[in-house]
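Everything on this sheet refers to the single structure shown next.
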Amino acid sequence: MKTEAALKRRSVPRAVRFPSALAVLVPLLALLMTAPLFLSSYYINILYMIGIYIIITVGMNILIGYCGVVSIGHAGLMATGAYVSAYFSQHFGLSFWLTTLLGMALALVLGSLFAIPTLRAGGVFLSMITIAFGIVINEVLVRWSAFSGGPLGISGIAKPQLGDYSFTLTSMYELVLLLAAGAVMLLRNVRRSAWGRAMIAVKENEIASLSVGIRPFRIQYAGFALSSVLAGLAGAIYAHANSFISPDTFGFHMSIQLVLVVILGGAGTLLGPVIGSVIIVMLPEVLELEKLRLALYGVIMFVVLYFLPKGIAGTLLPLLRRLVPAKADVPSDDGNGDASVSAPSLSVKELLPYASAGSAASGSAPVLQVKGLNKHFGGLHVVRDVGFDVYAGTVHTLIGPNGAGKTTVLNMISGFYPVDAGTVQIQGHTVSGRTLAQVVGAGISRTFQHTRLFGELTVLENIMVAMTNEASPGFFSSLLQTGGAKKKEAVIRRRAHAYLDLVGYEGDRSEKAASLPYGHQRMIEIARALAVRPRVLLLDEPAAGMTAGEIGQLEAVIRRLKSAGLSILLIEHHMDFVTRISDQVTVLDYGSIIAEGSPEEIGRNPRVIQAYLGEEDHDA
């Protein structure tokens with residue numbers, strides 16, 4: 001199935017191929033390591049604080065930029081790491097390395113206890129809850145004197161030691177620098193992993209992410225947990241390096257600073273935390289506006305949101321990509337390039353392993369059975385006793401006037417609407433009443449009446465997202481980019497190319513999905529639905545908005561899937577298309593079935609003609 005043309009499509013040059021993160025990070029890290037040789041302790045302290053901010057805002061960038069969860073209480077988690085590490089160091093004489101782990105662990109526990117009930121709130125409610133969390137932590141620190149020292153804080157915190165060596169400001173700076181570089185590399189690894197793609201998918205369109213089996217809470221919690229651990233780490237290092245902490249250090253202004261760093265630098269970008277941290281830490285020092293710090297932050301926030309809504313990195317990097325001459329993409333086999341170019345092709349059977357042969361004529365059992373579906377919205381009975389069977393290797397189409405209940409039936413079958421009465425069965429197993437992830441796992445995938453692609457992801461990544469549950473590595477493997485994680489990533493990438501080949505997509509697969517023509521988006525959405533490897537494919541008006549040529553391509557794809565044994569349930573208003581492609585047609589009107597049969601029988605049915613064209617008003 002992989003043709004020479006398909007291979008050429010994969011080699012379409014990207015806008016620009018910049019040096020890898022390692023190629024930039026290693027020389028920069030080496031240069032910064034030499035800073036103590038020519039900078040005073042004042043500037044080393046500033047660079048050290050920038051490193052602290054980078055560590056914590058990398059986690060917040062994952063949370064805000066990738067997961068779309070805005071937390072304005074992370075200063076409380078930073079305080080947790082700082083105070084736990086300082087307390088156990090002073091009262092029990094534990095080493096810095098052990099107390100830091102304790103601080104990170106408690107920050108994770110508190111972050112989890114805080115995140116689990118609040119992530120479901122979402123939106124502005126979640127942000128308000130995070131503000132309350134930060135205020136509560138600050139009040140506890142002020143009033144719990146036995147633990148925190150009260151308003152005066154804790155002083156005389158021991159410097160880290162390694163054997164007989166006691167860390168100085170210079171060695172603490174070097175340690176922070178290494179940890180900050182490691183945090184940036186973690187951010188890079190997350191973005192290139194199945195977990196990072198799933199985070200962005202949930203942020204952009206939760207409904208579409210549910211349709212491919214992603215569990216939004218699980219994905220968002222992973223981001224919150226990682227950000228909590230990094231906040232605890234930053235707090236512990238801050239406490240031991242400064243030898244003093246107080247509740248004022250971790251007040252509301254700190255939370256505002258951290259959010260501003262992410263927004264200013266560019267939420268969801270690799271360099272965003274670095275750029276934002278440099279500006280937010282250095283600007284008040286350069287301008288000597290310590291007393292007007294919050295006012296300065298307010299002005300920066302206004303300017304950024306108005307003129308640079310995507311932040312500095314998010315605005316400037318796309319401009320650089322357009323200005324720098326294009327270079328051809330170089331395939332690689334490390335899971336981050338296009339390793340599938342030289343890989344052997346995948347057959348339709350490998351791509352759709354659960355498609356099966358058989359039909360009503362052969363006496364085989366139906367793949368999908370819909371029995372007596374009913375749905376109410378308040379006092380409106382929108383679906384009444386709807387039932388039909390869909391057999392393997394057939395296209396079963398639902399038609400009817402607008403408002404007849406077709407999409408409602410599709411939503412009940414796919415699990416997006418609960419069923420008031422009736423059942424949905426896949427090969428004899430009931431799926432109605434299950435969670436969306438369980439319905440997808442049982443073998444039902446779908447497209448939507450209005451396309452729901454993930455605009456921030458590339459064409460290829462949109463397909464790869466659909467394989468998150470099936471082939472993604474563990475979270476820690478993704479963070480560390482282990483050999484196993486890279487191999488799984490290469491397998492996912494290869495299969496994603498194959499699904500795009502299956503639907504005949506000929507565009508640039510490294511292009512962002514948001515910039516694609518409507519017809520291309522339709523085909524990509526079908527490829528994404530196929531990547532779930534369904535038993536039944538639900539298509540909601542796939543030909544809507546397509547040109548005649550695109551409809552012809554869609555028809556060829558559906559016939560290919562049908563010949564592979566896939567069961568297809570289709571909703572469509574394009575009647576010529578329905579007549580050509582359908583094996584069985586069910587007609588709905590006012591939520592009830594008024595006719596069933598072949599396309600030819602339906603075309604002659606007087607009740608169907610009446611439903612579409614209406615009756616002549618003889619009284620008039």
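Each chain of the structure tokens is named A, B, ... in the order shown, its residues numbered from 1; ligands are numbered from 1 in display order.
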
key: Exercise: A:Ala158 partners within 8 Å, only C-alpha atoms, chain neighbours under 5 positions left out, as a VMD selection string   = chain A and resid 89 to 90 96 240 243

key: All strand (DSSP E) residues (DSSP, backbone) inside stretch 92-248 of chain A, as number ranges by chain   = A: 154-155, 161-162, 165-166, 244-245

request  = For each of A:Asp508, A:Val440, A:Thr57, A:Lys375, take the minimum atom-to-atom distance to A:Leu226, counting only C-alpha atoms, then give the residue where this is smallest.
outcome  = A:Thr57

inquiry  = So that I can see what lies close to stretch 210-219 of chain A, please list as an MDAnalysis selection string the residues with an atom at most 7 Å from it, counting only C-alpha atoms and leaving out residues fewer than 2 positions away in the same chain.
reply    = chainID A and resid 198:199 202 206:208 221:223 436:437 440 445:446 466 469 532

query = Please, which residues of stretch 167-353 of chain A, numbered as in this document, come out alpha helix (DSSP H) from DSSP, as a ChimeraX atom specification?
reply = /A:169-191,194-204,206-211,216-242,252-265,272-287,293-307,311-323,348-351

query = Looking at only C-alpha atoms, which of A:Ile256, A:Ile62, A:Val390, A:Ile237 is the one that sits closest to A:Gln427?
reply = A:Val390

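The closest residue to A:Leu28, picked from A:Leu152, A:Leu566, A:Ile594, A:Leu177 and counting only C-alpha atoms, is A:Leu177.
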
note = A:Ile280 proximity check over A:Met49, A:Leu141, A:Leu502, A:Ala132, using only C-alpha atoms: winner is A:Met49

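Minimum atom-to-atom distances from A:Ile526, A:Leu308, A:Ala442, A:Ile558 to A:Gly393 were compared using only C-alpha atoms, and the lowest value belongs to A:Ile558.
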
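A straight line drawn from atom CA of A:Ser592 to atom CA of A:Gln610 is 14.6 Å long.
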
ask   = Can you tell me, as a ChimeraX atom specification, what residues are no more than 12 Å from A:Glu550 when counting only C-alpha atoms, ignoring any on the same chain fewer than 2 positions away?
value = /A:503-505,517-523,542-548,552-557,577

For A:Gly272, find every residue with an atom within 10 Å (counting only C-alpha atoms), except residues of its own chain fewer than 2 positions away, and show them as an mmCIF file with C-alpha atoms, in the first residue's frame.
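Wrote it out as part20.cif, contents follow:
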```cif
data_model
loop_
_atom_site.group_PDB
_atom_site.id
_atom_site.type_symbol
_atom_site.label_atom_id
_atom_site.label_comp_id
_atom_site.auth_asym_id
_atom_site.auth_seq_id
_atom_site.Cartn_x
_atom_site.Cartn_y
_atom_site.Cartn_z
ATOM 1 C CA ILE A 54 13.031 27.611 35.670
ATOM 2 C CA THR A 57 7.895 26.954 35.928
ATOM 3 C CA VAL A 58 8.835 23.994 33.748
ATOM 4 C CA ASN A 61 4.374 25.085 31.760
ATOM 5 C CA GLY A 65 0.733 25.134 28.377
ATOM 6 C CA VAL A 184 14.014 21.677 30.461
ATOM 7 C CA VAL A 261 6.748 33.625 33.803
ATOM 8 C CA VAL A 262 4.849 30.955 31.845
ATOM 9 C CA ILE A 263 2.587 33.428 30.018
ATOM 10 C CA LEU A 264 5.372 35.893 29.242
ATOM 11 C CA GLY A 265 7.805 33.276 27.973
ATOM 12 C CA GLY A 266 5.172 31.381 26.005
ATOM 13 C CA ALA A 267 2.913 28.711 27.449
ATOM 14 C CA GLY A 268 3.486 25.326 25.841
ATOM 15 C CA THR A 269 6.887 26.227 24.358
ATOM 16 C CA LEU A 270 10.238 24.696 25.298
ATOM 17 C CA VAL A 274 13.704 30.078 30.435
ATOM 18 C CA ILE A 275 12.811 33.366 28.726
ATOM 19 C CA GLY A 276 10.119 34.237 31.254
ATOM 20 C CA SER A 277 12.325 33.441 34.261
ATOM 21 C CA LYS A 310 1.222 33.502 22.724
ATOM 22 C CA GLY A 311 4.160 34.825 24.744
ATOM 23 C CA ILE A 312 7.614 35.750 23.483
ATOM 24 C CA ALA A 313 8.695 32.286 22.337
ATOM 25 C CA GLY A 314 5.233 31.429 21.010
#
```

Tell me, as a tab-separated table (two decimals) with N, CA, C and O atoms, in the first residue's frame, which residues lie within 8 Å of stretch 69-75 of chain A, counting only C-alpha atoms; anything in the same chain fewer than 6 positions away does not count.
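Contents of part_18.tsv, freshly written:
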```tsv
chain	number	residue	atom	x	y	z
A	60	MET	N	4.98	24.10	35.77
A	60	MET	CA	3.77	24.90	35.51
A	60	MET	C	3.50	25.03	34.02
A	60	MET	O	2.35	25.15	33.60
A	63	LEU	N	1.64	22.11	33.04
A	63	LEU	CA	0.28	22.20	33.54
A	63	LEU	C	-0.55	23.21	32.75
A	63	LEU	O	-1.67	22.93	32.32
A	122	GLY	N	-12.55	22.44	36.74
A	122	GLY	CA	-12.16	23.02	35.46
A	122	GLY	C	-12.36	24.53	35.40
A	122	GLY	O	-13.01	25.15	36.24
A	123	GLY	N	-11.77	25.12	34.37
A	123	GLY	CA	-11.97	26.52	34.05
A	123	GLY	C	-11.64	27.47	35.18
A	123	GLY	O	-10.71	27.27	35.96
A	126	LEU	N	-11.47	26.16	38.87
A	126	LEU	CA	-10.22	25.53	39.29
A	126	LEU	C	-9.20	26.60	39.67
A	126	LEU	O	-8.49	26.46	40.67
A	127	SER	N	-9.11	27.67	38.89
A	127	SER	CA	-8.16	28.73	39.19
A	127	SER	C	-8.47	29.37	40.54
A	127	SER	O	-7.55	29.66	41.33
A	128	MET	N	-9.74	29.59	40.83
A	128	MET	CA	-10.12	30.17	42.11
A	128	MET	C	-9.77	29.24	43.27
A	128	MET	O	-9.32	29.69	44.33
A	130	THR	N	-7.32	27.09	43.30
A	130	THR	CA	-5.87	27.11	43.50
A	130	THR	C	-5.42	28.35	44.27
A	130	THR	O	-4.48	28.29	45.07
A	131	ILE	N	-6.09	29.47	44.03
A	131	ILE	CA	-5.78	30.67	44.82
A	131	ILE	C	-6.06	30.41	46.29
A	131	ILE	O	-5.24	30.74	47.17
A	132	ALA	N	-7.22	29.81	46.58
A	132	ALA	CA	-7.58	29.50	47.97
A	132	ALA	C	-6.56	28.56	48.59
A	132	ALA	O	-6.19	28.71	49.77
A	133	PHE	N	-6.08	27.57	47.81
A	133	PHE	CA	-5.09	26.63	48.32
A	133	PHE	C	-3.81	27.35	48.75
A	133	PHE	O	-3.27	27.11	49.83
A	134	GLY	N	-3.32	28.25	47.90
A	134	GLY	CA	-2.12	29.00	48.24
A	134	GLY	C	-2.30	29.84	49.49
A	134	GLY	O	-1.39	29.93	50.33
A	135	ILE	N	-3.47	30.47	49.64
A	135	ILE	CA	-3.74	31.29	50.82
A	135	ILE	C	-3.79	30.44	52.07
A	135	ILE	O	-3.25	30.82	53.13
A	220	GLN	N	-4.48	14.88	32.93
A	220	GLN	CA	-4.26	16.13	33.64
A	220	GLN	C	-3.63	15.90	35.01
A	220	GLN	O	-2.80	16.69	35.46
A	228	SER	N	3.89	19.36	40.69
A	228	SER	CA	3.98	19.40	42.15
A	228	SER	C	5.36	18.96	42.62
A	228	SER	O	5.96	19.56	43.52
A	231	ALA	N	7.86	21.66	41.92
A	231	ALA	CA	7.67	22.77	42.86
A	231	ALA	C	8.31	22.44	44.20
A	231	ALA	O	8.97	23.29	44.82
A	250	PHE	N	6.63	32.99	50.14
A	250	PHE	CA	5.76	32.17	49.30
A	250	PHE	C	4.32	32.69	49.30
A	250	PHE	O	3.36	31.92	49.29
A	251	GLY	N	4.19	34.00	49.33
A	251	GLY	CA	2.86	34.61	49.34
A	251	GLY	C	2.21	34.62	47.97
A	251	GLY	O	2.70	34.05	46.99
A	252	PHE	N	1.09	35.33	47.89
A	252	PHE	CA	0.31	35.39	46.66
A	252	PHE	C	1.12	35.98	45.51
A	252	PHE	O	0.96	35.59	44.35
A	254	MET	N	4.18	35.53	44.83
A	254	MET	CA	5.00	34.49	44.22
A	254	MET	C	4.20	33.69	43.20
A	254	MET	O	4.68	33.38	42.11
A	255	SER	N	2.96	33.35	43.55
A	255	SER	CA	2.10	32.60	42.62
A	255	SER	C	1.86	33.40	41.35
A	255	SER	O	1.87	32.85	40.24
A	256	ILE	N	1.64	34.71	41.49
A	256	ILE	CA	1.44	35.56	40.32
A	256	ILE	C	2.70	35.59	39.46
A	256	ILE	O	2.65	35.53	38.23
A	258	LEU	N	4.95	33.27	39.12
A	258	LEU	CA	5.14	31.99	38.43
A	258	LEU	C	4.24	31.89	37.20
A	258	LEU	O	4.66	31.44	36.14
A	259	VAL	N	2.98	32.30	37.35
A	259	VAL	CA	2.06	32.27	36.21
A	259	VAL	C	2.54	33.25	35.14
A	259	VAL	O	2.49	32.94	33.93
```

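For the pair atom CA of A:Val109 and atom CA of A:Tyr53, the interatomic distance is 21.6 Å.
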
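Put simply, atom CA of A:Ile568 is 4.8 Å away from atom CA of A:Val395.
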
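The smallest atom-to-atom distance between A:Ser356 and any of A:Phe307, A:Arg559, A:Val536, A:Val124, using only C-alpha atoms, is found for A:Val536.
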
task = Show which residues sit within 8 Å of stretch 296-302 of chain A, as a PyMOL selection string. Count only C-alpha atoms, and ignore same-chain residues fewer than 5 positions away.
result = chain A and resi 257+260+264+284+289

Next, the residues of the selection above should be written as a short mmCIF file (atom, residue, chain, number, x, y, z; two decimals), in the first residue's frame with N, CA and C atoms.
```cif
data_model
loop_
_atom_site.label_atom_id
_atom_site.label_comp_id
_atom_site.auth_asym_id
_atom_site.auth_seq_id
_atom_site.Cartn_x
_atom_site.Cartn_y
_atom_site.Cartn_z
N GLN A 257 3.86 35.68 40.11
CA GLN A 257 5.13 35.66 39.37
C GLN A 257 5.26 34.40 38.52
N LEU A 260 3.01 34.41 35.56
CA LEU A 260 3.48 35.42 34.62
C LEU A 260 4.69 34.92 33.83
N LEU A 264 4.44 34.99 29.92
CA LEU A 264 5.37 35.89 29.24
C LEU A 264 6.31 35.13 28.31
N PRO A 284 13.12 43.54 37.70
CA PRO A 284 13.03 44.39 38.90
C PRO A 284 14.41 44.79 39.42
N LEU A 289 13.07 48.45 41.07
CA LEU A 289 11.66 48.71 41.40
C LEU A 289 11.13 47.68 42.38
#
```
